[in-house]
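Quick notes on the structure that follows.
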Amino acid sequence: MTVRLMQGNEAVGWGAIAAGCRFYAGYPITPSTEIAEMLSRELPKLGGIFIQMEDEIASLAACIGASVGGLKAMTATSGPGFSLMQEHIGYAAMAEVPCVVVNVQRLGPSTGQPTSPSQGDVMQARWGTHGDHPIIVLYPTSVPEAFDLTVTAFNMAEKYRTPVILLMDEVVGHMRERFESPPLEEIQVIDRMGTDVPPEWYKPFGDTIGDVPPMPSFGSGYRYHITGLYHDPMGYPTQRLDEINPWIERVHRKINSHLEDILLYKEENLEEANTVIVAYGATARSARHAMKLARQHRHHVGLVTLYTIWPFPEELIQRVGRIARRIIVPEMNLGQLAYEVERLVGRHKVIRVNRADGEMISPQMILDALEGA
Amino acid sequence: MAKSEHTAYAYLRTTKKFPNIWCAGCGIGIVMGALIRAIDRIGLDKDDVAVVSGIGCSGRMPVYLDFNTMHTTHGRALAFATGLKLAQPKLHVIVVMGDGDALAIGGNHFIHAARRNIDLTAIVINNAIYGMTGGQYSPTTPLEMRAATAPYGHVEPPFPICELSIAAGATFVARSTVYHAIELDKLIEKAIRKVGFSVVEAVSYCHTTYGRMNKMGSAVDMMRMLKEHSVSLAAAEKLMPEERAMKIVRGVLHDVDKPDYMTLYNQVIERAKATISGKEFLRAGPGGLE
């Protein structure tokens with residue numbers, strides 16, 4: 001095992017490589033650029049492909065094309081580029097093409113503050129593209145987690161044939177931390193399911209056990225059609241309700257019936273807690289510090305760190321709502337995930353701690369909220 | 001001829017998707033026929049062909065074809081095709097677009113695919129209008145013509161597709177019309193055989209919208225116009241410049257050899273492997289390299 005100092009963005013790149021990513025298409029944007037730079041250096045060593053596209057729209061399109069061609073593919077961007085990618089996040093959800101989109105967030109809206117942290121894209125990651133669609137959004141709090149969750153993002157994308165978004169805070173992307181590289185054989189890597197049925201029997205969007213149809217790549221002898229239109233089990237456009245509705249139900253079910261696998265979180269000191277902080281990303285680190293300080297003063301404070309923010313862990317938060325008298329939700333935005341918490345436990349229980357000026361939420365801000373509550 | 005003996009039959013998804021969605025008299029089916037004949041003549045295995053399209057009337061072509069087919073988003077077909085081609089270099093990737101698709105919303109992708117010289121065959125079916133949405137003006141609508149969004153006459157000059165392709169770096173550029181179906185399939189064949197970014201402009205028409213708004217008659221009348229208003233490259237060279245400017249010039253307009261993107265990127269891979277082996281990373285884990 002080697003120990004080294006590693007940057008968050010770099011860890012995302014290594015995580016992608018460890019997960020089997022062999023295609024990256026992207027467009028330069030602060031504060032995510034290091035991911036592109038390191039993959040332009042490392043991917044060709046493995047025979048993989050790096051390409052810098054003309055914009056972020058093309059970047060995700062190229063990733064989807066490469067994924068259909070059988071390569072695990074990723075792109076990375078920040079807020080303004082993430083806005084442009086929404087079109088193809090929807091396409092990937094509709095066409096059920098595995099891909100990973102990394103958004104190292106910056107302060108928005110618009111050009112905003114390119115080098116300041118923000119958690120302003122939480123709702124955009126869920127609802128940015130038009131239409132109802134399932135999505136998985138993962139969120140690391142540290143450099144080692146950036147590595148681990150990038151691997152997980154690829155595994156979930158492949159397993160569920162879905163786009164997966166890795167949201168990161170600028171401070172996690174640019175921070176350097178101790179990183180113990182895990183032995184490769186210990187890293188679990190999941191590849192999409194192939195098929196060995198005769199090509200004429202293959203249904204690219206058919207009903208399958210587990211709701212995720214196998215996906216052979218183009219050029220492998222299975223010729224099929226992919227479209228962003230509503231389609232039947234063969235992938236052909238349809239306007240028939242008896243084909244549209246089963247598709248809608250299946251693509252949502254393939255995520256919602258596997259929540260045990262998809263929802264990642266950590267509970268700390270929930271027993272006897274009368275106050276619980278629900279946090280994610282870099283803010284969870286301030287929250288942990290605040291929890292430790294509060295507990296030194298014999299306050300019963302617990303912490304739930306969310307690593308999967310979408311789908312939202314409803315049962316977990318409902319359980320926290322039954323345990324705790326108050327729930328503090330600190331976010332580097334004006335309150336986005338707090339809506340979800342309030343929806344589940346009631347507004348009266350939730351104390352929001354927010355700032356959206358490009359500065360971190362300090363442990364003191366959370367402590368102040370604890371005292372004031 | 002029995003339909004099962006027809007060349008096209010073996011390349012169509014005959015059981016599912018017919019009849020097609022195009023208006024009676026539309027030229028897109030002629031381009032599809034030309035594409036099938038070209039592929040058949042080259043003798044490509046259906047598994048080795050991918051057809052990628054964007055959005056619009058032309059975007060519906062791949063669903064009828066028994067290849068690896070992808071109907072993508074408006075204007076972005078070339079970007080999807082770029083990823084697919086790089087991931088599966090053995091595929092012959094053919095991209096079918098309309099004029100609005102390729103040159104308005106997809107204009108950026110079009111010039112950059114040409115500049116990169118990625119080994120794709122781009123077929124632009126140019127009917128000078130947005131047909132599917134009801135006849136709004138496109139980047140190739142000529143000056144003074146009427147469109148659903150140009151009721152007083154169009155004031156923007158059109159993009160010359162072939163000249164734009166040549167300037168952007170395409171290695172093979174050709175033009176024909178849907179009247180010249182046999183010539184069209186020969187040009188498409190050459191374009192597919194070419195290694196590098198190749199463009200075929202297939203001049204078509206939309207009698208349903210453009211023709212009606214500009215009082216150009218039926219599909220047959222518009223087909224006749226393509227015949228009368230076009231000249232071969234050889235014939236065009238004998239014309240005075242002002243006469244030539246009024247004509248649709250047909251033929252191979254540009255054909256140069258230069259290494260395509262994948263050939264050059266394979267050199268990048270060789271150079272990268274020569275520095276630190278990828279195998280070292282696989283052995284030592286992510287922390288083992290820097």
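In the structure tokens, each chain is lettered A, B, ... as it comes, each chain's residues begin at 1, and ligands are numbered from 1 in order of appearance.
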Notebook entry, point to check: Counting only C-alpha atoms, which residues of chain B come no farther than 7 Å from chain A, as number ranges by chain?
Noted result: B: 47-48, 63, 66-72, 76, 79-84, 86-88, 91, 109, 112, 268-269, 272-273, 277-278, 285-288
Checklist line | Test item: residues at most 10 Å from Arg37 (chain B), only C-alpha atoms, excluding those fewer than 5 positions along its chain, as a ChimeraX atom specification | finding: /B:7-8,11,31-32,42-43,182,184-186,188-189
Next item on the list: List every residue of region 47-288 of chain A that DSSP, applied to the backbone, labels as strand (DSSP E), and write the result as a ChimeraX atom specification.
Entry: /A:49-52,72-77,99-105,136-138,163-169,176-180,225-227,265-268,275-279
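Note that the spacing between CA of Arg343 (chain A) and CA of Gly321 (chain A) amounts to 10.9 Å.
Between CA of Ala153 (chain A) and CA of Glu56 (chain A) the separation is 19.6 Å.
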Do you know which residues are at most 12 Å from Arg347 (chain A) counting only C-alpha atoms, after dropping those on the same chain fewer than 5 positions away, and could you put them as a PDB file with N, CA and C atoms, in the first residue's frame?
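After the write, selection-v3.pdb holds the following:
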```
ATOM      1  N   GLY A 321     -35.932  11.711  11.818  1.00  0.00           N
ATOM      2  CA  GLY A 321     -37.008  12.589  12.305  1.00  0.00           C
ATOM      3  C   GLY A 321     -37.687  12.041  13.546  1.00  0.00           C
ATOM      4  N   ARG A 325     -35.140  15.753  17.944  1.00  0.00           N
ATOM      5  CA  ARG A 325     -36.076  16.845  18.167  1.00  0.00           C
ATOM      6  C   ARG A 325     -35.862  17.940  17.109  1.00  0.00           C
ATOM      7  N   ARG A 326     -34.578  18.118  16.763  1.00  0.00           N
ATOM      8  CA  ARG A 326     -34.245  19.144  15.783  1.00  0.00           C
ATOM      9  C   ARG A 326     -33.277  18.555  14.755  1.00  0.00           C
ATOM     10  N   ILE A 327     -33.412  19.014  13.525  1.00  0.00           N
ATOM     11  CA  ILE A 327     -32.480  18.578  12.477  1.00  0.00           C
ATOM     12  C   ILE A 327     -31.870  19.823  11.847  1.00  0.00           C
ATOM     13  N   ILE A 328     -30.553  19.863  11.859  1.00  0.00           N
ATOM     14  CA  ILE A 328     -29.856  21.001  11.266  1.00  0.00           C
ATOM     15  C   ILE A 328     -29.352  20.600   9.884  1.00  0.00           C
ATOM     16  N   VAL A 329     -29.665  21.424   8.890  1.00  0.00           N
ATOM     17  CA  VAL A 329     -29.220  21.131   7.522  1.00  0.00           C
ATOM     18  C   VAL A 329     -28.347  22.283   7.038  1.00  0.00           C
ATOM     19  N   ALA A 338     -32.507  20.961   2.039  1.00  0.00           N
ATOM     20  CA  ALA A 338     -33.352  21.196   3.212  1.00  0.00           C
ATOM     21  C   ALA A 338     -34.827  20.994   2.883  1.00  0.00           C
ATOM     22  N   TYR A 339     -35.213  21.323   1.641  1.00  0.00           N
ATOM     23  CA  TYR A 339     -36.607  21.101   1.241  1.00  0.00           C
ATOM     24  C   TYR A 339     -37.006  19.640   1.399  1.00  0.00           C
ATOM     25  N   GLU A 340     -36.096  18.755   1.001  1.00  0.00           N
ATOM     26  CA  GLU A 340     -36.400  17.326   1.065  1.00  0.00           C
ATOM     27  C   GLU A 340     -36.548  16.884   2.516  1.00  0.00           C
ATOM     28  N   VAL A 341     -35.643  17.397   3.363  1.00  0.00           N
ATOM     29  CA  VAL A 341     -35.699  17.025   4.775  1.00  0.00           C
ATOM     30  C   VAL A 341     -37.003  17.544   5.386  1.00  0.00           C
ATOM     31  N   GLU A 342     -37.337  18.788   5.079  1.00  0.00           N
ATOM     32  CA  GLU A 342     -38.562  19.392   5.620  1.00  0.00           C
ATOM     33  C   GLU A 342     -39.807  18.639   5.158  1.00  0.00           C
ATOM     34  N   ARG A 352     -32.189  25.535   9.107  1.00  0.00           N
ATOM     35  CA  ARG A 352     -31.294  25.660   7.960  1.00  0.00           C
ATOM     36  C   ARG A 352     -30.102  26.532   8.331  1.00  0.00           C
TER      37      ARG A 352
END
```
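The environment of Asn117 (chain B) within 9 Å, counting only C-alpha atoms and disregarding residues fewer than 6 places along the same chain, consists of Gly169, Ala170, Thr171, Val195, Gly196, Phe197, Ser198, Lys258, Pro259, Asp260, Tyr261 and Met262 of chain B.
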Next item on the list: Tell me, in Å to one decimal, how far CA of Glu158 (chain A) is from CA of Gly59 (chain B).
Entry: 27.7 Å
Item checked: Contacts of Val143 (chain A) within 9 Å, only C-alpha atoms, excl. fewer than 5 positions in-chain, as a PyMOL selection string -> chain A and resi 6-12+148+172-173+175-179
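Residue nearest Gly335 (chain A) within the list A:Asp121, A:Leu259, A:Pro246, A:Phe205: A:Asp121 [criterion: smallest interatomic distance, only C-alpha atoms].
Remark: for Arg126 (chain A), the closest of the candidate residues A:Val164, A:Leu107, A:Ile262, A:Met156 is A:Val164 (distances computed over only C-alpha atoms).
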Note to self: Which residue is closest to Asn256 (chain A)? Choose from A:Ala36, A:Pro28, A:Pro114, A:Pro134 and count only C-alpha atoms.
What the structure shows: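 Result for the nearest residue to Asn256 (chain A): A:Pro134.
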